[in-house]
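Participant: I am attaching a structure below and will ask some questions about it afterwards.
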Amino acid sequence: MKWIARILLLAIAAVLAMGGVISVYLLRGLPQLDGEVPLKGLSGPVHITRDGADVTHINASSALDAWRAMGFVHAQERGWQLEFNRRVMRGELSEILGTATLDTDKLMRTLGIIGMAKQQLQGLSPATQAALQAYSDGIQTAWQSGAVRPSPEFKLLGTQAGGKSGQAWTPEDSVGWALMMALDLGGNWGQEFARLSAGQVLNNEQLWQLLPAYPGEKPATAVDLPALYRELGVYAPAAAKTATVPVAHTHLAQWSADWVHDMGILEGKGSNNWVVPGSHTVSGKPLLANDPHLALSAPAIWYYARLKAPAGELPGGQKHPALDVIGATLPGLPFVVLGRTSGVAWGFTNTGPDVQDLYLEQLDAAKPGQYRTPEGWAAFAERSETIRVKGQADVALKVRSTRHGPVISDVQPQYQGVVDAKLYAVSLRWSALTPDNKTMEAGMHANWAQTVPQLQQAFAEHHAPMQSVVMADTLGEVAYKAMGKVPVRAPQNDIRGVAPSPGWLAQYDWTGWLPYGQNPAVDGAEIEKKGWHATANQNILPPGYAHFVGGDWTTPERFERIEQLLAATPKHNRESMQAIQNDVLSLGAKTLQAKLGKHLSSQASAHPLAPAALKLVAEFDGQMRTDSAAALVLNVWADELTRGLLAPQLGAERFQSLYGKRHFRAAVEGILDRSDAFWCGPAGCSVQVASALNRALDRIAASQGRDVKAWRWGAWHPAISSHKPFGKVPYLNALFDVRVESAGDLFTVNVGQYWANDKQAPFANRHAASMRAVYDLAQPDQSVFIYQTGQSGHAFDPRSRSMAARWAQGGYADLQQTPQTVVHRMRLLP
């Protein structure tokens with residue numbers, strides 16, 4: 001027994017020692033927050049402090065030094081995030097992750113993000129180029145000097161910043177990352193493909209029932225799309241494989257396949273913002289609120305910082321005023337993207353214009369490698385790409401492009417079985433992929449603005465993605481402006497870009513850009529008259545607007561709820577703005593609640609749990625709280641009903657391909673309103689509603705038990721900030737993801753969008769407020785913010801998830817240019 005005890009003690013000691021070694025090994029990559037660190041290239045010392053809210057303050061003797069120091073800090077705090085993002089946009093993930101991410105690399109190589117970024121970089125002013133170079137040098141020098149130590153991801157994957165080249169970041173990477181944000185926020189080509197795919201099995205009326213026009217509007221095109229495509233012979237023969245999501249053998253490969261498949265889908269990628277003029281605030285000065293809705297990630301997409309430097313002159317002779325700006329930066333860019341200066345604040349939402357068009361490129365069967373143009377047959381532009389793959393031979397990729405842009409049907413598998421590849425290819429025209437894109441110029445100039453007019457002037461250079469901007473300054477001026485480039489389509493363009501167009505007909509070509517001065521706008525006088533201006537991705541076009549901007553707007557439930565809440569309070573303060581941001585009453589749920597009740601009145605469910613569940617739903621107040629059983633029942637019921645109504649008509653594989661990132665709620669509501677026999681089948685809609693309830697109750701009870709009152713929405717609706725790539729790796733995701741219960745649903749102001757076709761967590765909150773901010777222009781240092789993880793990108797640093805609980809509970813942190821407390825102090829020395 002003594003020997004057994006000794007062996008056990010030795011084993012325990014060995015485990016503890018091993019744990020200690022691992023802990024030390026993993027924690028070595030934590031960022032240094034105090035002391036003095038040399039940074040080559042600085043013209044003078046830079047002071048970096050972190051305040052009580054963990055906001056990083058950079059105080060430099062020149063703007064170039066401030067941007068260089070921003071690069072150093074991003075490398076410190078978000079080194080892996082920068083490396084992963086660099087590999088994504090360059091199509092170099094497979095070099096470290098193997099064949100699982102080949103789909104992603106092929107798509108990114110085909111889009112040519114970095115090639116276009118290099119062209120756009122050359123068109124920027126010497127001052128902006130210098131800013132991007134200083135930022136890149138800050139990242140590179142931080143790594144080369146050893147001041148930044150690799151986080152666990154580098155060690156687990158056996159790589160280094162910059163890969164084999166050792167080039168951790170370049171100016172074209174910053175331009176490329178701006179393009180990636182435009183790709184994420186400015187994409188609707190997936191909706192065009194959805195119309196093409198659904199048209200293979202639906203007629204035109206049914207197609208617009210499935211994908212309805214915005215409420216109160218007609219479809220953007222009167223063209224009978226299914227008939228057109230059948231007449232052209234676009235669809236693959238019936239014997240060909242139907243559209244499907246590729247089967248992946250690993251979680252990581254499934255993530256890559258899904259990412260490629262869902263590229264170009266805008267639904268759910270939204271935001272809220274609003275501005276209240278001083279006439280409707282307690283203080284007499286404006287208030288501004290913003291909460292951008294993006295995919296939740298760990299670390300978060302944002303990093304909060306303040307940049308301060310005196311007035312000076314940049315290369316090219318550009319003189320600039322003093323720099324003093326605070327807010328949300330994007331690791332990869334040196335500027336504050338969303339925030340305020342001492343004089344003016346601003347907030348973005350996605351405008352959602354149609355800036356991407358798909359084109360059917362007719363192929364010459366007699367001459368392979370040729371496609372049809374208005375002038376006759378032309379050769380595809382081709383280039384060869386080599387993709388390095390870990391543990392495998394290099395993969396050669398031939399990229400084809402047309403006069404419109406890259407051929408994406410070569411690298412998005414969902415086109416297989418829909419489009420006859422012997423007769424057609426599908427190319428993409430996208431507003432961001434043009435050499436004249438100067439979005440980076442706008443980002444830099446906005447950081448110097450002190451008034452609303454100066455901010456409007458700065459945003460004139462913004463190209464993509466198009467954003468709806470609310471603005472307010474300390475002088476009391478407020479405004480709204482949609483910034484970004486919108487393509488002009490000819491009057492003869494009857495398809496108007498809402499579905500793939502015949503690429504050989506000149507009538508479907510873009511004819512130019514809408515001038516910035518003609519973008520939608522609302523001036524201060526109009527906002528004063530109403531008392532506020534809000535946007536939530538709804539149709540922002542004023543009555544009688546002369547230009548076609550798009551038709552795929554987000555349905556207006558969030559916008560309408562914001563309007564209700566703004567109208568309910570005569571004089572707003574910071575607290576009332578915060579309450580609106582955290583509101584979880586779902587107008588979408590209330591609408592569906594009424595329709596379900598109507599259809600169940602004549603067809604009661606026989607399920608033993610139905611009486612209790614129906615009582616909860618009937619009494620439901622629409623509040624999507626974490627402890628709500630009715631919220632859970634209603635959302636799962638909606639999912640089961642959507643599947644029951646749509647899948648039989650679309651086919652299981654096509655439905656699975658289109659569902660998930662789309663919720664089809666408007667289609668379901670329309671079907672129930674019409675009691676539509678085509679979609680509901682011969683048994684009728686009431687039977688469908690009852691059957692869906694039965695399936696939903698069985699599904700919930702299997703997980704949460706049979707006590708209906710004990711069911712909780714939050715248990716199935718955690719906000720998951722997923723790590724890249726370890727969020728898709730079993731066991732590792734428990735260490736690297738940030739998970740917290742959350743309220744809200746698809747239609748609440750405090751949004752909580754789930755992806756219902758996700759096999760592991762179909763109701764998990766995946767798209768939500770990636771940050772919340774409220775700016776008080778009476779007392780700017782009373783402004784507040786929060787986001788869902790924390791500043792550090794090191795998964796084992798407590799600072800990597802320090803904001804998560806407050807974010808979920810509706811809390812905030814101070815956003816102060818002059819902070820009351822300083823927690824860490826560092827000096828960067830030349």
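By order of appearance in the structure tokens: chains A, B, ..., then residues from 1 within every chain, and ligands from 1 in the order shown.
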Using DSSP on the backbone coordinates, identify all residues within range 680-828 of chain A classified as helix (DSSP H, G or I); present the result as a VMD selection string.
Facilitator: chain A and resid 680 685 to 704 708 to 710 713 to 716 726 to 728 732 to 736 780 to 782 798 to 800 804 to 808
Participant: Find the residues near Gln817 in chain A: any atom within 9 Å, counting only C-alpha atoms, skip ones fewer than 3 places away on the same chain, and give them as an MDAnalysis selection string.
Facilitator: chainID A and resid 57 306 324:326 341:342 780:781
Participant: Compile a residue-level contact table for range 423-469 of chain A against range 315-323 of chain A at a cut-off of 12 Å, reporting for every qualifying residue the shortest atom pair and its distance in Å to one decimal, with only C-alpha atoms counted, rows ordered by chain and ascending number, as a tab-separated table.
Facilitator:
residue	atom	partner	partner_atom	distance
A:Met444	CA	A:Leu323	CA	10.2
A:His445	CA	A:His320	CA	9.0
A:Ala446	CA	A:Leu323	CA	10.4
A:Asn447	CA	A:Leu323	CA	7.0
A:Trp448	CA	A:Leu323	CA	5.8
A:Ala449	CA	A:Pro321	CA	9.0
A:Gln450	CA	A:Pro321	CA	10.0
Participant: Quick one: write out the picked residues with N, CA and C atoms as an mmCIF file, in the first residue's frame?
Facilitator:
data_model
loop_
_atom_site.group_PDB
_atom_site.id
_atom_site.type_symbol
_atom_site.label_atom_id
_atom_site.label_comp_id
_atom_site.auth_asym_id
_atom_site.auth_seq_id
_atom_site.Cartn_x
_atom_site.Cartn_y
_atom_site.Cartn_z
ATOM 1 N N MET A 444 -8.572 57.636 -43.245
ATOM 2 C CA MET A 444 -7.572 58.497 -42.626
ATOM 3 C C MET A 444 -8.136 59.894 -42.360
ATOM 4 N N HIS A 445 -8.816 60.476 -43.353
ATOM 5 C CA HIS A 445 -9.297 61.852 -43.206
ATOM 6 C C HIS A 445 -10.397 61.953 -42.152
ATOM 7 N N ALA A 446 -11.205 60.914 -41.993
ATOM 8 C CA ALA A 446 -12.256 60.946 -40.982
ATOM 9 C C ALA A 446 -11.684 61.097 -39.583
ATOM 10 N N ASN A 447 -10.478 60.587 -39.348
ATOM 11 C CA ASN A 447 -9.869 60.649 -38.018
ATOM 12 C C ASN A 447 -9.425 62.058 -37.638
ATOM 13 N N TRP A 448 -9.388 62.978 -38.606
ATOM 14 C CA TRP A 448 -9.038 64.372 -38.316
ATOM 15 C C TRP A 448 -10.259 65.277 -38.220
ATOM 16 N N ALA A 449 -11.420 64.798 -38.610
ATOM 17 C CA ALA A 449 -12.612 65.641 -38.667
ATOM 18 C C ALA A 449 -13.019 66.095 -37.275
ATOM 19 N N GLN A 450 -13.563 67.304 -37.184
ATOM 20 C CA GLN A 450 -14.043 67.848 -35.915
ATOM 21 C C GLN A 450 -15.500 68.295 -36.000
#
Participant: Write out as a ChimeraX atom specification each polymer residue whose atoms come within 8 Å of Ala613 in chain A, counting only C-alpha atoms; drop sequence neighbours fewer than 2 positions from it.
Facilitator: /A:609-611,615-617,630,633,708
Participant: Excluding Asn350 in chain A and residues on its chain fewer than 3 positions from it, collect all residues at most 9 Å away from it, counting only C-alpha atoms, and give them as number ranges by chain.
Facilitator: A: 185-186, 269-272, 292, 353, 465-469, 535-537
Participant: Save out the residues we just selected, C-alpha atoms, as a compact mmCIF listing (two decimals), in the first residue's frame.
Facilitator:
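Okay, out_27.txt is ready:
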# COMPACT_ATOMS: atom_id res chain seq x y z
CA LEU A 185 -20.69 43.54 -45.83
CA GLY A 186 -21.35 44.30 -49.49
CA LYS A 269 -25.14 41.13 -41.66
CA GLY A 270 -26.75 44.25 -40.36
CA SER A 271 -26.45 46.97 -37.75
CA ASN A 272 -28.38 49.66 -35.92
CA PRO A 292 -22.74 46.93 -35.85
CA PRO A 353 -27.11 48.32 -52.05
CA PRO A 465 -18.74 48.78 -48.59
CA MET A 466 -21.56 51.31 -48.80
CA GLN A 467 -22.51 52.41 -45.29
CA SER A 468 -25.33 54.46 -43.78
CA VAL A 469 -23.62 57.01 -41.54
CA THR A 535 -31.24 53.10 -39.80
CA ALA A 536 -31.34 49.33 -39.36
CA ASN A 537 -30.64 48.01 -42.87
Participant: Which residues are close to Val823 in chain A, i.e. within 9 Å by only C-alpha atoms, leaving aside same-chain residues fewer than 4 positions away? Reply as a PyMOL selection string.
Facilitator: chain A and resi 49-52+54
Participant: What are the DSSP strand (DSSP E) residues of range 409-565 of chain A, as a ChimeraX atom specification?
Facilitator: /A:424-430,467-473,478-483,487-489,501-502,510-513,521-522,533-535
Participant: Which polymer residues have any atom within 9 Å of an atom of Tyr508 in chain A, counting only C-alpha atoms, with same-chain residues fewer than 5 positions away left out, as a PDB file with N, CA and C atoms, in the first residue's frame?
Facilitator:
ATOM      1  N   TYR A 359     -23.050  37.349 -63.920  1.00  0.00           N
ATOM      2  CA  TYR A 359     -23.273  37.306 -65.367  1.00  0.00           C
ATOM      3  C   TYR A 359     -23.140  35.876 -65.876  1.00  0.00           C
ATOM      4  N   ARG A 489     -27.047  51.510 -63.569  1.00  0.00           N
ATOM      5  CA  ARG A 489     -27.479  50.533 -64.571  1.00  0.00           C
ATOM      6  C   ARG A 489     -28.355  51.247 -65.596  1.00  0.00           C
ATOM      7  N   ALA A 490     -28.237  50.858 -66.850  1.00  0.00           N
ATOM      8  CA  ALA A 490     -28.969  51.507 -67.936  1.00  0.00           C
ATOM      9  C   ALA A 490     -30.467  51.247 -67.805  1.00  0.00           C
ATOM     10  N   GLN A 492     -32.364  50.137 -69.928  1.00  0.00           N
ATOM     11  CA  GLN A 492     -32.682  48.895 -70.632  1.00  0.00           C
ATOM     12  C   GLN A 492     -32.348  47.656 -69.804  1.00  0.00           C
ATOM     13  N   ASN A 493     -31.704  47.848 -68.671  1.00  0.00           N
ATOM     14  CA  ASN A 493     -31.323  46.721 -67.814  1.00  0.00           C
ATOM     15  C   ASN A 493     -32.552  46.298 -67.015  1.00  0.00           C
ATOM     16  N   ASP A 494     -33.367  45.430 -67.607  1.00  0.00           N
ATOM     17  CA  ASP A 494     -34.634  45.059 -66.983  1.00  0.00           C
ATOM     18  C   ASP A 494     -34.474  44.054 -65.842  1.00  0.00           C
ATOM     19  N   ILE A 495     -33.336  43.366 -65.761  1.00  0.00           N
ATOM     20  CA  ILE A 495     -33.103  42.440 -64.644  1.00  0.00           C
ATOM     21  C   ILE A 495     -32.589  43.201 -63.434  1.00  0.00           C
ATOM     22  N   ARG A 496     -31.904  44.293 -63.647  1.00  0.00           N
ATOM     23  CA  ARG A 496     -31.459  45.238 -62.616  1.00  0.00           C
ATOM     24  C   ARG A 496     -30.531  44.603 -61.582  1.00  0.00           C
ATOM     25  N   GLY A 497     -29.842  43.534 -61.979  1.00  0.00           N
ATOM     26  CA  GLY A 497     -28.846  42.957 -61.101  1.00  0.00           C
ATOM     27  C   GLY A 497     -29.386  42.096 -59.993  1.00  0.00           C
ATOM     28  N   SER A 501     -27.487  37.819 -65.194  1.00  0.00           N
ATOM     29  CA  SER A 501     -27.897  38.435 -66.457  1.00  0.00           C
ATOM     30  C   SER A 501     -27.075  37.885 -67.610  1.00  0.00           C
ATOM     31  N   PRO A 502     -27.626  37.876 -68.832  1.00  0.00           N
ATOM     32  CA  PRO A 502     -26.849  37.446 -70.009  1.00  0.00           C
ATOM     33  C   PRO A 502     -25.646  38.359 -70.221  1.00  0.00           C
ATOM     34  N   GLY A 503     -24.459  37.810 -70.081  1.00  0.00           N
ATOM     35  CA  GLY A 503     -23.250  38.616 -70.119  1.00  0.00           C
ATOM     36  C   GLY A 503     -22.881  39.135 -71.491  1.00  0.00           C
TER      37      GLY A 503
END
Participant: To one decimal place, how far is CA of Trp510 in chain A from CA of Ile114 in chain A in Å?
Facilitator: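 Value for the CA of Trp510 in chain A-CA of Ile114 in chain A distance: 23.8 Å.
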Participant: Could you list, as a list in words, every residue within 10 Å of Thr555 in chain A, counting only C-alpha atoms and ignoring same-chain residues fewer than 5 positions away?
Facilitator: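 Returned residues: Ala213, Tyr214, Pro215, Glu267, Ala536, Asn537, Gln538, Asn539, Glu560, Gly588, Arg665, Ala666 and Phe747 of chain A.
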Participant: Could you tell me how far CA of Tyr303 in chain A lies from CA of Thr329 in chain A, in Å and to one decimal?
Facilitator: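 Taking CA of Tyr303 in chain A as the start and CA of Thr329 in chain A as the end point, the length is 5.1 Å.
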Participant: Given the choices A:Ala300, A:Pro413, A:His261, A:Ala546, which gets closest to Tyr659 in chain A if the distance is worked out from only C-alpha atoms?
Facilitator: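 Once distances to Tyr659 in chain A are computed over only C-alpha atoms, the minimum belongs to A:His261.
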Participant: Ranking A:Asp65, A:Lys759, A:Val636, A:Tyr480 by minimum distance to Ala525 in chain A and counting only C-alpha atoms, which one comes first?
Facilitator: A:Tyr480
